[in-house]
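Asks: Input: one structure, supplied below.
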Amino acid sequence: MGPVETVRTAFRDECARLDGVLRTLTEADLDRPTPCPPWAVRDLVAHVSTGAGRLVDMLAAPAPPRAEVDAAGYFGAAKFTPEVDAARVDSARREARRPADVAATAEAFTAAWRGTDSAVAAQPADRVVRTRHGDAMTLPDFLVTRVVEVGVHGLDLARALDRRPWLTPTAARVVADLLTGGRPVPARLGWDPLTLIRKTTGRLPLTEAERAEIATADLRWLSFAG
C-alpha cells in the first residue's frame, strides 16, 4: 500500500473500532467526565466526530497550489492558544447538545467518518487541502492528523469509560511514527506502541528512569502544544 492507503486504512480501522464502542454506551456514560475537562464523554465524542468529518468540506473546496505544512507542523503552538482552545471547547459542547442520546451520538460519528472515507476515496493521492487554520497540506498528511485525533482521544474516552484502550495496531503505528519522527525508541525503555503514545502525549507519567534514558538518548518527541 502507498502512503495514502496506509493512512486511510488506519483511519478506517480506528474509526470502526470507536464506532463499535459508541454503540455499547449507556445514556449515563455520555455524562461521565473525561481527562479533557470541561468535556464530558458526549462533548469529547462531538469533538472527535467534527474532526473525523472535517475533510468532507475541505475536499469540496478548491485545492491550494502546493503544500506548506506537514503532519508534524500541523500540531504547532498556534493550534493551542487560549483563544483557539476556548473555541474548540465551546464548539464541541454546542455540538454535543444536538444528538442527545446514545444512538444519535453514534450515528453522528458514523456519518462523519464514513463521509470522510468516501471523500478521500474519490481524490488523487497528491491532492492538497487547506485546513480551517489556513494550513495547506497534502491529503495524506492531513489524514494522519485525523488518525491522531481519533486514536489519542480514543485513549481519553477509554479512561473515562473505565475500559481497556482499544487503539488499533494500524492507527498505533501511524501515531507512533508521527510522534517519534520515525526514529527508533531505545530498547531499554521497553515501550510498545501503545505505551509510547500514552507516555509521549502525557496519558501516562514518565518514571525517573525513563526520563534519564530519554535525556541520555537526546530524544525529542513531537508535542501537541508546540
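As shown in the C-alpha cells, the chain order sets the letters A, B, ...; within each chain, residues go from 1, and ligands are also counted from 1 in the order they appear.
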Name all residues at most 10 Å from Arg8 of chain A (count only C-alpha atoms; drop same-chain ones fewer than 5 positions away) and give them as a list of chain:residue names.

Replies: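 Result of the neighbour search: A:Gly2, A:Pro3, A:Asp13, A:Glu14, A:Thr116, A:Asp117, A:Val120, A:Ala121, A:Pro140, A:Leu143, A:Val144, A:Arg146, A:Val147, A:Thr170, A:Ala171.
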
Asks: Excluding same-chain residues fewer than 3 positions from Arg66 of chain A, what lies within 8 Å of it counting only C-alpha atoms, as a list in words?

Replies: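 Surrounding residues, per the criterion: Val128, Ala136 and Met137 of chain A.
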
Asks: Emit the selected residues as a CSV table (one decimal), in the first residue's frame, including N, CA, C and O atoms.

Replies:
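Generated file (selection_16.csv):
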```csv
chain,number,residue,atom,x,y,z
A,128,VAL,N,-4.1,18.4,-2.5
A,128,VAL,CA,-3.7,19.3,-1.4
A,128,VAL,C,-5.0,20.0,-0.9
A,128,VAL,O,-5.9,20.3,-1.6
A,136,ALA,N,-1.9,24.8,4.3
A,136,ALA,CA,-2.1,24.0,3.0
A,136,ALA,C,-1.3,22.7,3.3
A,136,ALA,O,-0.1,22.7,3.6
A,137,MET,N,-1.9,21.5,3.1
A,137,MET,CA,-1.3,20.2,3.5
A,137,MET,C,-1.7,19.2,2.4
A,137,MET,O,-2.8,19.3,1.8
```

Asks: Counting only C-alpha atoms, figure out which residue out of A:Gly134, A:Gly190, A:Pro184, A:Pro205 gets nearest to Glu68 of chain A.

Replies: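 Nearest candidate to Glu68 of chain A out of A:Gly134, A:Gly190, A:Pro184, A:Pro205: A:Gly134.
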
Asks: Just list as a PyMOL selection string whatever in segment 12-214 of chain A DSSP marks as strand (DSSP E).

Replies: chain A and resi 128-130+136-138

Asks: Could you pull out the alpha helix (DSSP H) residues of segment 50-224 of chain A from DSSP and send them as an MDAnalysis selection string?

Replies: chainID A and resid 50:60 71:74 82:96 102:121 139:160 169:180 193:200 208:217

Asks: Can I get the residues of segment 89-154 of chain A within 12 Å of segment 191-200 of chain A, each with the closest pair of atoms and their distance in Å to one decimal, using only C-alpha atoms, sorted chain first then ascending number, as CSV?

Replies:
```
residue,atom,partner,partner_atom,distance
A:Val148,CA,A:Ile197,CA,10.0
A:Gly151,CA,A:Ile197,CA,9.7
A:Val152,CA,A:Ile197,CA,7.8
A:His153,CA,A:Arg198,CA,10.8
A:Gly154,CA,A:Arg198,CA,11.2
```
